[in-house]
Every structure is written in C-alpha cells, then in structure tokens.
$ cat final-v4.txt   # compact mmCIF, N, CA, C and O atoms
# COMPACT_ATOMS: atom_id res chain seq x y z
N MET A 53 -149.81 -64.84 169.48
CA MET A 53 -149.21 -64.15 170.59
C MET A 53 -150.00 -62.88 170.86
O MET A 53 -150.27 -62.11 169.96
N SER A 54 -150.32 -62.68 172.08
CA SER A 54 -151.14 -61.54 172.46
C SER A 54 -150.26 -60.44 173.03
O SER A 54 -149.41 -60.69 173.87
N ARG A 55 -150.49 -59.25 172.56
CA ARG A 55 -149.73 -58.09 173.07
C ARG A 55 -150.65 -57.25 173.94
O ARG A 55 -151.76 -56.95 173.55
N THR A 56 -150.15 -56.83 175.08
CA THR A 56 -150.92 -55.94 175.93
C THR A 56 -150.31 -54.56 175.86
O THR A 56 -149.09 -54.42 175.69
N ALA A 57 -151.15 -53.59 175.97
CA ALA A 57 -150.67 -52.21 175.93
C ALA A 57 -149.89 -51.93 177.20
O ALA A 57 -150.24 -52.40 178.28
N PRO A 58 -148.80 -51.17 177.09
CA PRO A 58 -148.03 -50.85 178.29
C PRO A 58 -148.87 -50.00 179.24
O PRO A 58 -149.63 -49.13 178.82
N ALA A 59 -148.75 -50.27 180.51
CA ALA A 59 -149.49 -49.50 181.51
C ALA A 59 -148.87 -48.11 181.61
O ALA A 59 -147.65 -47.96 181.64
N ALA A 60 -149.73 -47.13 181.66
CA ALA A 60 -149.25 -45.75 181.77
C ALA A 60 -148.84 -45.49 183.21
O ALA A 60 -149.49 -45.93 184.15
N ASP A 61 -147.74 -44.78 183.37
CA ASP A 61 -147.31 -44.40 184.71
C ASP A 61 -148.24 -43.32 185.23
O ASP A 61 -148.59 -42.39 184.51
N PRO A 62 -148.65 -43.45 186.48
CA PRO A 62 -149.52 -42.39 187.03
C PRO A 62 -148.76 -41.08 187.13
O PRO A 62 -147.56 -41.05 187.41
N GLU A 63 -149.45 -40.01 186.84
CA GLU A 63 -148.84 -38.68 186.92
C GLU A 63 -148.78 -38.27 188.39
O GLU A 63 -149.78 -38.29 189.09
N VAL A 64 -147.61 -37.95 188.83
CA VAL A 64 -147.41 -37.55 190.21
C VAL A 64 -147.13 -36.06 190.24
O VAL A 64 -146.26 -35.57 189.53
N MET A 65 -147.88 -35.37 191.08
CA MET A 65 -147.68 -33.93 191.21
C MET A 65 -147.13 -33.67 192.60
O MET A 65 -147.85 -33.71 193.57
N ASP A 66 -145.82 -33.46 192.66
CA ASP A 66 -145.17 -33.25 193.95
C ASP A 66 -145.60 -31.97 194.64
O ASP A 66 -145.63 -31.89 195.85
N ASP A 67 -145.92 -30.94 193.84
CA ASP A 67 -146.20 -29.63 194.41
C ASP A 67 -147.69 -29.39 194.64
O ASP A 67 -148.09 -28.29 194.99
N ALA A 68 -148.50 -30.40 194.43
CA ALA A 68 -149.95 -30.22 194.60
C ALA A 68 -150.27 -30.05 196.09
O ALA A 68 -149.80 -30.80 196.92
N ARG A 69 -151.05 -29.04 196.38
CA ARG A 69 -151.48 -28.78 197.75
C ARG A 69 -152.99 -28.67 197.77
O ARG A 69 -153.59 -28.15 196.86
N VAL A 70 -153.53 -29.13 198.84
CA VAL A 70 -154.97 -28.98 199.03
C VAL A 70 -155.17 -27.76 199.92
O VAL A 70 -154.76 -27.75 201.07
N GLU A 71 -155.77 -26.72 199.35
CA GLU A 71 -156.01 -25.50 200.14
C GLU A 71 -157.35 -25.62 200.84
O GLU A 71 -158.29 -26.16 200.29
N PRO A 72 -157.41 -25.11 202.05
CA PRO A 72 -158.69 -25.16 202.76
C PRO A 72 -159.72 -24.29 202.05
O PRO A 72 -159.37 -23.29 201.42
N GLN A 73 -160.97 -24.68 202.15
CA GLN A 73 -162.03 -23.89 201.54
C GLN A 73 -162.16 -22.57 202.27
O GLN A 73 -162.15 -22.52 203.50
N ARG A 74 -162.27 -21.51 201.52
CA ARG A 74 -162.40 -20.19 202.12
C ARG A 74 -163.73 -20.07 202.84
O ARG A 74 -164.76 -20.51 202.36
N LEU A 75 -163.69 -19.45 204.01
CA LEU A 75 -164.91 -19.26 204.79
C LEU A 75 -165.41 -17.83 204.63
O LEU A 75 -164.63 -16.90 204.40
N TRP A 76 -166.70 -17.69 204.77
CA TRP A 76 -167.39 -16.41 204.64
C TRP A 76 -168.25 -16.19 205.86
O TRP A 76 -168.46 -17.11 206.65
N CYS A 77 -168.75 -14.97 206.02
CA CYS A 77 -169.63 -14.70 207.14
C CYS A 77 -170.82 -13.86 206.70
O CYS A 77 -170.75 -13.13 205.72
N THR A 78 -171.90 -14.01 207.45
CA THR A 78 -173.10 -13.19 207.26
C THR A 78 -173.03 -12.06 208.27
O THR A 78 -172.91 -12.30 209.47
N VAL A 79 -173.09 -10.84 207.77
CA VAL A 79 -173.05 -9.65 208.63
C VAL A 79 -174.40 -8.95 208.52
O VAL A 79 -174.88 -8.68 207.42
N VAL A 80 -175.01 -8.70 209.67
CA VAL A 80 -176.26 -7.93 209.71
C VAL A 80 -175.91 -6.52 210.16
O VAL A 80 -175.13 -6.32 211.09
N HIS A 81 -176.47 -5.53 209.45
CA HIS A 81 -176.18 -4.12 209.69
C HIS A 81 -177.36 -3.43 210.35
O HIS A 81 -178.51 -3.81 210.14
N ASP A 82 -177.06 -2.39 211.10
CA ASP A 82 -178.10 -1.61 211.79
C ASP A 82 -178.96 -0.88 210.77
O ASP A 82 -178.50 -0.51 209.69
N ASP A 83 -180.21 -0.70 211.11
CA ASP A 83 -181.12 0.09 210.28
C ASP A 83 -182.08 0.84 211.20
O ASP A 83 -182.28 0.45 212.34
N PRO A 84 -182.65 1.93 210.71
CA PRO A 84 -183.55 2.73 211.55
C PRO A 84 -185.00 2.25 211.51
O PRO A 84 -185.87 2.89 212.08
N VAL A 85 -185.26 1.13 210.85
CA VAL A 85 -186.64 0.70 210.61
C VAL A 85 -187.12 -0.36 211.59
O VAL A 85 -188.19 -0.24 212.18
N ASN A 86 -186.35 -1.42 211.76
CA ASN A 86 -186.80 -2.57 212.55
C ASN A 86 -186.59 -2.36 214.05
O ASN A 86 -185.60 -1.78 214.47
N THR A 87 -187.56 -2.84 214.82
CA THR A 87 -187.46 -2.69 216.27
C THR A 87 -186.46 -3.70 216.84
O THR A 87 -186.17 -4.74 216.23
N MET A 88 -185.96 -3.40 218.03
CA MET A 88 -185.02 -4.30 218.69
C MET A 88 -185.67 -5.65 218.98
O MET A 88 -185.03 -6.69 218.83
N ASP A 89 -186.93 -5.62 219.40
CA ASP A 89 -187.64 -6.87 219.69
C ASP A 89 -187.77 -7.73 218.43
O ASP A 89 -187.61 -8.95 218.47
N TYR A 90 -188.06 -7.08 217.31
CA TYR A 90 -188.21 -7.82 216.05
C TYR A 90 -186.88 -8.45 215.64
O TYR A 90 -186.82 -9.63 215.27
N VAL A 91 -185.79 -7.69 215.70
CA VAL A 91 -184.47 -8.21 215.31
C VAL A 91 -184.08 -9.37 216.23
O VAL A 91 -183.57 -10.40 215.77
N THR A 92 -184.34 -9.24 217.53
CA THR A 92 -184.07 -10.33 218.47
C THR A 92 -184.86 -11.56 218.08
O THR A 92 -184.33 -12.68 218.05
N TRP A 93 -186.14 -11.38 217.74
CA TRP A 93 -186.98 -12.49 217.34
C TRP A 93 -186.44 -13.16 216.07
O TRP A 93 -186.41 -14.40 216.00
N VAL A 94 -186.00 -12.38 215.09
CA VAL A 94 -185.44 -12.95 213.86
C VAL A 94 -184.20 -13.79 214.18
O VAL A 94 -184.07 -14.93 213.72
N PHE A 95 -183.29 -13.25 214.96
CA PHE A 95 -182.06 -13.98 215.30
C PHE A 95 -182.38 -15.27 216.06
O PHE A 95 -181.77 -16.31 215.82
N HIS A 96 -183.36 -15.20 216.96
CA HIS A 96 -183.77 -16.38 217.72
C HIS A 96 -184.45 -17.39 216.81
O HIS A 96 -184.13 -18.59 216.83
N SER A 97 -185.37 -16.93 215.97
CA SER A 97 -186.15 -17.82 215.11
C SER A 97 -185.31 -18.43 214.00
O SER A 97 -185.37 -19.64 213.77
N TYR A 98 -184.57 -17.61 213.30
CA TYR A 98 -183.85 -18.11 212.12
C TYR A 98 -182.56 -18.84 212.49
O TYR A 98 -182.32 -19.95 212.02
N PHE A 99 -181.73 -18.22 213.31
CA PHE A 99 -180.44 -18.82 213.63
C PHE A 99 -180.51 -19.81 214.79
O PHE A 99 -179.55 -20.54 215.04
N GLY A 100 -181.63 -19.83 215.52
CA GLY A 100 -181.77 -20.75 216.63
C GLY A 100 -180.99 -20.32 217.86
O GLY A 100 -180.73 -21.14 218.75
N PHE A 101 -180.62 -19.04 217.94
CA PHE A 101 -179.91 -18.54 219.12
C PHE A 101 -180.86 -18.56 220.31
O PHE A 101 -182.07 -18.35 220.16
N SER A 102 -180.30 -18.74 221.50
CA SER A 102 -181.11 -18.56 222.70
C SER A 102 -181.55 -17.10 222.73
O SER A 102 -180.92 -16.24 222.10
N VAL A 103 -182.62 -16.82 223.46
CA VAL A 103 -183.09 -15.42 223.53
C VAL A 103 -182.01 -14.49 224.08
O VAL A 103 -181.78 -13.41 223.51
N PRO A 104 -181.29 -14.87 225.17
CA PRO A 104 -180.23 -13.97 225.65
C PRO A 104 -179.12 -13.73 224.59
O PRO A 104 -178.66 -12.60 224.43
N LEU A 105 -178.74 -14.78 223.85
CA LEU A 105 -177.72 -14.59 222.81
C LEU A 105 -178.26 -13.75 221.67
O LEU A 105 -177.57 -12.87 221.15
N ALA A 106 -179.51 -13.97 221.28
CA ALA A 106 -180.13 -13.17 220.23
C ALA A 106 -180.16 -11.70 220.63
O ALA A 106 -179.89 -10.81 219.81
N ARG A 107 -180.46 -11.42 221.91
CA ARG A 107 -180.46 -10.03 222.40
C ARG A 107 -179.06 -9.42 222.34
O ARG A 107 -178.90 -8.26 221.97
N ARG A 108 -178.04 -10.21 222.75
CA ARG A 108 -176.67 -9.69 222.71
C ARG A 108 -176.25 -9.36 221.27
O ARG A 108 -175.64 -8.32 221.03
N ARG A 109 -176.59 -10.25 220.33
CA ARG A 109 -176.25 -9.97 218.92
C ARG A 109 -177.02 -8.74 218.41
O ARG A 109 -176.47 -7.92 217.68
N MET A 110 -178.28 -8.62 218.80
CA MET A 110 -179.07 -7.45 218.40
C MET A 110 -178.44 -6.18 218.95
O MET A 110 -178.32 -5.17 218.25
N MET A 111 -177.99 -6.21 220.21
CA MET A 111 -177.35 -5.03 220.81
C MET A 111 -176.03 -4.70 220.13
O MET A 111 -175.67 -3.54 219.99
N GLU A 112 -175.32 -5.73 219.69
CA GLU A 112 -174.08 -5.50 218.94
C GLU A 112 -174.38 -4.77 217.63
O GLU A 112 -173.70 -3.82 217.27
N VAL A 113 -175.42 -5.21 216.94
CA VAL A 113 -175.84 -4.52 215.72
C VAL A 113 -176.23 -3.09 216.05
O VAL A 113 -175.83 -2.14 215.36
N HIS A 114 -177.00 -2.90 217.11
CA HIS A 114 -177.49 -1.58 217.48
C HIS A 114 -176.37 -0.63 217.91
O HIS A 114 -176.36 0.53 217.51
N THR A 115 -175.42 -1.12 218.70
CA THR A 115 -174.38 -0.23 219.24
C THR A 115 -173.16 -0.10 218.33
O THR A 115 -172.54 0.95 218.30
N HIS A 116 -172.81 -1.16 217.61
CA HIS A 116 -171.62 -1.13 216.75
C HIS A 116 -171.96 -0.99 215.27
O HIS A 116 -171.05 -0.85 214.44
N GLY A 117 -173.24 -1.07 214.95
CA GLY A 117 -173.66 -0.90 213.56
C GLY A 117 -173.65 -2.17 212.75
O GLY A 117 -174.09 -2.18 211.61
N ARG A 118 -173.14 -3.27 213.33
CA ARG A 118 -173.07 -4.53 212.60
C ARG A 118 -172.68 -5.65 213.54
O ARG A 118 -172.10 -5.42 214.60
N ALA A 119 -172.99 -6.88 213.12
CA ALA A 119 -172.59 -8.06 213.88
C ALA A 119 -172.49 -9.24 212.92
O ALA A 119 -173.29 -9.35 211.99
N ILE A 120 -171.52 -10.10 213.16
CA ILE A 120 -171.40 -11.35 212.40
C ILE A 120 -172.36 -12.35 213.04
O ILE A 120 -172.30 -12.60 214.24
N LEU A 121 -173.24 -12.91 212.21
CA LEU A 121 -174.25 -13.84 212.73
C LEU A 121 -173.98 -15.29 212.37
O LEU A 121 -174.43 -16.18 213.08
N SER A 122 -173.28 -15.53 211.28
CA SER A 122 -172.97 -16.91 210.92
C SER A 122 -171.70 -16.95 210.10
O SER A 122 -171.30 -15.95 209.50
N ARG A 123 -171.07 -18.13 210.09
CA ARG A 123 -169.84 -18.35 209.34
C ARG A 123 -169.95 -19.68 208.62
O ARG A 123 -170.50 -20.63 209.17
N GLY A 124 -169.39 -19.76 207.42
CA GLY A 124 -169.42 -21.02 206.69
C GLY A 124 -169.06 -20.84 205.24
O GLY A 124 -168.41 -19.86 204.86
N THR A 125 -169.53 -21.77 204.42
CA THR A 125 -169.26 -21.69 202.99
C THR A 125 -170.03 -20.52 202.38
O THR A 125 -171.05 -20.07 202.93
N ARG A 126 -169.55 -20.06 201.26
CA ARG A 126 -170.20 -18.92 200.60
C ARG A 126 -171.66 -19.25 200.28
O ARG A 126 -172.55 -18.42 200.48
N GLU A 127 -171.89 -20.46 199.80
CA GLU A 127 -173.26 -20.85 199.43
C GLU A 127 -174.19 -20.78 200.63
O GLU A 127 -175.32 -20.29 200.54
N ARG A 128 -173.74 -21.25 201.79
CA ARG A 128 -174.56 -21.21 203.00
C ARG A 128 -174.80 -19.77 203.44
O ARG A 128 -175.90 -19.41 203.88
N MET A 129 -173.77 -18.92 203.33
CA MET A 129 -173.92 -17.52 203.73
C MET A 129 -174.87 -16.78 202.79
O MET A 129 -175.61 -15.90 203.22
N GLU A 130 -174.88 -17.17 201.51
CA GLU A 130 -175.83 -16.56 200.57
C GLU A 130 -177.26 -16.88 200.99
O GLU A 130 -178.15 -16.02 200.91
N VAL A 131 -177.48 -18.10 201.47
CA VAL A 131 -178.82 -18.48 201.96
C VAL A 131 -179.18 -17.63 203.17
O VAL A 131 -180.30 -17.09 203.26
N ASP A 132 -178.24 -17.48 204.11
CA ASP A 132 -178.51 -16.69 205.32
C ASP A 132 -178.79 -15.22 204.98
O ASP A 132 -179.72 -14.62 205.52
N VAL A 133 -178.00 -14.64 204.08
CA VAL A 133 -178.20 -13.24 203.70
C VAL A 133 -179.55 -13.06 203.01
O VAL A 133 -180.30 -12.12 203.33
N THR A 134 -179.87 -13.96 202.11
CA THR A 134 -181.18 -13.87 201.43
C THR A 134 -182.31 -13.98 202.45
O THR A 134 -183.31 -13.26 202.36
N SER A 135 -182.15 -14.85 203.43
CA SER A 135 -183.17 -14.99 204.47
C SER A 135 -183.30 -13.72 205.29
O SER A 135 -184.42 -13.29 205.61
N MET A 136 -182.17 -13.11 205.65
CA MET A 136 -182.22 -11.85 206.42
C MET A 136 -182.94 -10.78 205.60
O MET A 136 -183.74 -10.02 206.14
N HIS A 137 -182.68 -10.73 204.29
CA HIS A 137 -183.38 -9.77 203.43
C HIS A 137 -184.88 -10.05 203.44
O HIS A 137 -185.68 -9.10 203.45
N SER A 138 -185.27 -11.33 203.45
CA SER A 138 -186.70 -11.66 203.45
C SER A 138 -187.37 -11.21 204.74
O SER A 138 -188.58 -10.97 204.76
N TYR A 139 -186.60 -11.10 205.83
CA TYR A 139 -187.13 -10.58 207.09
C TYR A 139 -187.07 -9.05 207.15
O TYR A 139 -187.45 -8.44 208.14
N GLY A 140 -186.53 -8.43 206.12
CA GLY A 140 -186.45 -6.97 206.08
C GLY A 140 -185.20 -6.41 206.75
O GLY A 140 -185.13 -5.21 207.03
N LEU A 141 -184.21 -7.27 207.00
CA LEU A 141 -182.96 -6.81 207.62
C LEU A 141 -181.90 -6.60 206.55
O LEU A 141 -181.90 -7.26 205.51
N ARG A 142 -181.00 -5.67 206.81
CA ARG A 142 -179.89 -5.40 205.89
C ARG A 142 -178.73 -6.31 206.25
O ARG A 142 -178.23 -6.28 207.38
N ALA A 143 -178.30 -7.17 205.31
CA ALA A 143 -177.23 -8.12 205.57
C ALA A 143 -176.33 -8.23 204.35
O ALA A 143 -176.78 -8.03 203.22
N THR A 144 -175.07 -8.56 204.61
CA THR A 144 -174.09 -8.74 203.54
C THR A 144 -173.24 -9.98 203.82
O THR A 144 -173.22 -10.48 204.95
N ILE A 145 -172.54 -10.42 202.79
CA ILE A 145 -171.57 -11.52 202.91
C ILE A 145 -170.18 -10.90 202.87
O ILE A 145 -169.91 -10.04 202.04
N GLU A 146 -169.31 -11.35 203.78
CA GLU A 146 -167.94 -10.87 203.80
C GLU A 146 -167.01 -12.07 203.95
O GLU A 146 -167.34 -13.03 204.65
N PRO A 147 -165.84 -12.01 203.32
CA PRO A 147 -164.89 -13.12 203.49
C PRO A 147 -164.22 -13.06 204.86
O PRO A 147 -163.96 -11.98 205.39
N LEU A 148 -163.95 -14.22 205.41
CA LEU A 148 -163.14 -14.31 206.62
C LEU A 148 -161.69 -14.41 206.17
O LEU A 148 -161.40 -14.83 205.05
N ALA A 149 -160.76 -14.04 207.04
CA ALA A 149 -159.35 -14.13 206.71
C ALA A 149 -158.95 -15.58 206.51
O ALA A 149 -159.51 -16.48 207.13
N TRP A 150 -157.97 -15.80 205.64
CA TRP A 150 -157.44 -17.15 205.44
C TRP A 150 -156.76 -17.59 206.71
O TRP A 150 -156.10 -16.80 207.38
N PRO A 151 -156.87 -18.86 207.08
CA PRO A 151 -156.17 -19.35 208.27
C PRO A 151 -154.67 -19.10 208.17
O PRO A 151 -154.08 -19.34 207.12
N GLY A 152 -154.10 -18.59 209.23
CA GLY A 152 -152.66 -18.37 209.25
C GLY A 152 -152.20 -17.12 208.51
O GLY A 152 -151.00 -16.90 208.35
N SER A 153 -153.14 -16.29 208.06
CA SER A 153 -152.75 -15.11 207.29
C SER A 153 -152.35 -13.95 208.18
O SER A 153 -151.79 -12.97 207.72
N GLY A 154 -152.68 -14.05 209.48
CA GLY A 154 -152.36 -12.96 210.38
C GLY A 154 -153.35 -11.82 210.34
O GLY A 154 -153.21 -10.83 211.02
N GLN A 155 -154.38 -11.96 209.50
CA GLN A 155 -155.39 -10.90 209.41
C GLN A 155 -156.56 -11.25 210.30
O GLN A 155 -156.87 -12.42 210.52
N GLY A 156 -157.22 -10.23 210.80
CA GLY A 156 -158.42 -10.44 211.60
C GLY A 156 -159.58 -10.80 210.72
O GLY A 156 -159.48 -10.81 209.50
N GLU A 157 -160.69 -11.10 211.34
CA GLU A 157 -161.87 -11.43 210.56
C GLU A 157 -162.40 -10.20 209.87
O GLU A 157 -162.32 -9.09 210.39
N GLY A 158 -162.96 -10.44 208.68
CA GLY A 158 -163.49 -9.38 207.85
C GLY A 158 -164.73 -8.90 208.34
O GLY A 158 -165.50 -8.17 208.24
$ encode --input "final-v4.txt" --output "structure tokens"
Amino acid sequence: MSRTAPAADPEVMDDARVEPQRLWCTVVHDDPVNTMDYVTWVFHSYFGFSVPLARRRMMEVHTHGRAILSRGTRERMEVDVTSMHSYGLRATIEPLAWPGSGQGEG
C-alpha cells in the first residue's frame, strides 16, 4: 500500500497589498558656470527634448534655480543624474510624492 504525503494548504495572506513602486525625479540646478546654449544642447542631446522644450527647461533652471527633467525609477534617475554630472551640470535625485498622498511633487 502506497502512502502519499498530505498536500499542504497554500498560505493565504488576506492583508497583502501590492504597493506601487515609488517614483523619483532628476532635478537640474542652476550654476554660474555653464552657458544657456550649452545647457539647452545637453537637454536636447541627452533627454531628446525638442530644441524649444530644451530652451524652456533651461530657462526654468535659470529663472527658478531648478527644473525637473525626468521621472521614473530610482535606478533610472541615478543614471540621468550621473550623466548630468558628466556634462558638468549640477543635478540631484528627489522622491516624488506617493500617489494619493495629497502632497505636491518633490
């Protein structure tokens, strides 16, 4: 007579929730070193912005001291920030607000 092992009941987690992945952004900050034309060229070349959009983002950096240039996973934003540093621009990573938190973007 052959005996089979009893099948284990699957563990059910009623309270398990899948949280959305947190998003981050690449922020470029104003500096007194790089020319406006150069910053426009970097935004156009690296991010693939049209020249008019690259100019608008450059002016935002120039007039407001900073601009958000990209949004995504932390790993992707680390690549963008490192690339901005390689172009000689000052850039940081900042978290975006959680969806539904009522907070504005960071």
$ atom_distance --input "final-v4.txt" --atom1 "atom O of Thr115 (chain A)" --atom2 "atom N of Pro84 (chain A)"
12.7 Å
$ residues_around --input "final-v4.txt" --residues "Ala119 (chain A)" --least-positions-apart "4" --cutoff "5 Å" --atoms "only N, CA, C and O atoms" --output "ChimeraX atom specification"
/A:78-80,113
$ atom_distance --input "final-v4.txt" --atom1 "atom N of Ser122 (chain A)" --atom2 "atom O of Phe99 (chain A)"
8.9 Å
$ atom_distance --input "final-v4.txt" --atom1 "atom O of Trp76 (chain A)" --atom2 "atom N of Met110 (chain A)"
17.8 Å
$ residues_around --input "final-v4.txt" --residues "region 137-139 of chain A" --least-positions-apart "6" --cutoff "10 Å" --atoms "only C-alpha atoms" --output "MDAnalysis selection string"
chainID A and resid 80 86 90:91 94 98 131
$ decode --input "final-v4.txt" --residues "region 84-97 of chain A" --atoms "N, CA, C and O atoms" --output "PDB file, in the first residue's frame"
ATOM      1  N   PRO A  84      26.596  79.007 -12.046  1.00  0.00           N
ATOM      2  CA  PRO A  84      27.137  80.199 -12.703  1.00  0.00           C
ATOM      3  C   PRO A  84      28.172  79.878 -13.785  1.00  0.00           C
ATOM      4  O   PRO A  84      28.776  80.786 -14.343  1.00  0.00           O
ATOM      5  N   VAL A  85      28.374  78.602 -14.087  1.00  0.00           N
ATOM      6  CA  VAL A  85      29.471  78.203 -14.967  1.00  0.00           C
ATOM      7  C   VAL A  85      29.027  77.947 -16.400  1.00  0.00           C
ATOM      8  O   VAL A  85      29.616  78.463 -17.346  1.00  0.00           O
ATOM      9  N   ASN A  86      27.992  77.146 -16.578  1.00  0.00           N
ATOM     10  CA  ASN A  86      27.596  76.704 -17.922  1.00  0.00           C
ATOM     11  C   ASN A  86      26.728  77.738 -18.634  1.00  0.00           C
ATOM     12  O   ASN A  86      25.894  78.386 -18.021  1.00  0.00           O
ATOM     13  N   THR A  87      26.956  77.859 -19.934  1.00  0.00           N
ATOM     14  CA  THR A  87      26.182  78.820 -20.717  1.00  0.00           C
ATOM     15  C   THR A  87      24.779  78.273 -20.988  1.00  0.00           C
ATOM     16  O   THR A  87      24.540  77.061 -20.950  1.00  0.00           O
ATOM     17  N   MET A  88      23.857  79.181 -21.284  1.00  0.00           N
ATOM     18  CA  MET A  88      22.489  78.778 -21.592  1.00  0.00           C
ATOM     19  C   MET A  88      22.446  77.900 -22.836  1.00  0.00           C
ATOM     20  O   MET A  88      21.692  76.926 -22.880  1.00  0.00           O
ATOM     21  N   ASP A  89      23.247  78.249 -23.831  1.00  0.00           N
ATOM     22  CA  ASP A  89      23.282  77.446 -25.064  1.00  0.00           C
ATOM     23  C   ASP A  89      23.769  76.023 -24.778  1.00  0.00           C
ATOM     24  O   ASP A  89      23.240  75.053 -25.322  1.00  0.00           O
ATOM     25  N   TYR A  90      24.781  75.913 -23.924  1.00  0.00           N
ATOM     26  CA  TYR A  90      25.310  74.588 -23.591  1.00  0.00           C
ATOM     27  C   TYR A  90      24.263  73.754 -22.853  1.00  0.00           C
ATOM     28  O   TYR A  90      24.047  72.580 -23.177  1.00  0.00           O
ATOM     29  N   VAL A  91      23.592  74.339 -21.867  1.00  0.00           N
ATOM     30  CA  VAL A  91      22.579  73.612 -21.099  1.00  0.00           C
ATOM     31  C   VAL A  91      21.434  73.187 -22.023  1.00  0.00           C
ATOM     32  O   VAL A  91      20.948  72.049 -21.948  1.00  0.00           O
ATOM     33  N   THR A  92      21.018  74.065 -22.926  1.00  0.00           N
ATOM     34  CA  THR A  92      19.980  73.716 -23.907  1.00  0.00           C
ATOM     35  C   THR A  92      20.437  72.536 -24.750  1.00  0.00           C
ATOM     36  O   THR A  92      19.686  71.583 -24.977  1.00  0.00           O
ATOM     37  N   TRP A  93      21.690  72.566 -25.204  1.00  0.00           N
ATOM     38  CA  TRP A  93      22.234  71.486 -26.008  1.00  0.00           C
ATOM     39  C   TRP A  93      22.240  70.171 -25.228  1.00  0.00           C
ATOM     40  O   TRP A  93      21.872  69.122 -25.778  1.00  0.00           O
ATOM     41  N   VAL A  94      22.630  70.200 -23.952  1.00  0.00           N
ATOM     42  CA  VAL A  94      22.637  68.983 -23.130  1.00  0.00           C
ATOM     43  C   VAL A  94      21.222  68.413 -23.016  1.00  0.00           C
ATOM     44  O   VAL A  94      21.003  67.214 -23.225  1.00  0.00           O
ATOM     45  N   PHE A  95      20.254  69.256 -22.695  1.00  0.00           N
ATOM     46  CA  PHE A  95      18.872  68.786 -22.547  1.00  0.00           C
ATOM     47  C   PHE A  95      18.344  68.203 -23.862  1.00  0.00           C
ATOM     48  O   PHE A  95      17.654  67.186 -23.864  1.00  0.00           O
ATOM     49  N   HIS A  96      18.686  68.850 -24.968  1.00  0.00           N
ATOM     50  CA  HIS A  96      18.265  68.368 -26.287  1.00  0.00           C
ATOM     51  C   HIS A  96      18.969  67.053 -26.624  1.00  0.00           C
ATOM     52  O   HIS A  96      18.329  66.081 -27.048  1.00  0.00           O
ATOM     53  N   SER A  97      20.272  66.996 -26.411  1.00  0.00           N
ATOM     54  CA  SER A  97      21.068  65.823 -26.781  1.00  0.00           C
ATOM     55  C   SER A  97      20.778  64.625 -25.887  1.00  0.00           C
ATOM     56  O   SER A  97      20.564  63.515 -26.384  1.00  0.00           O
TER      57      SER A  97
END
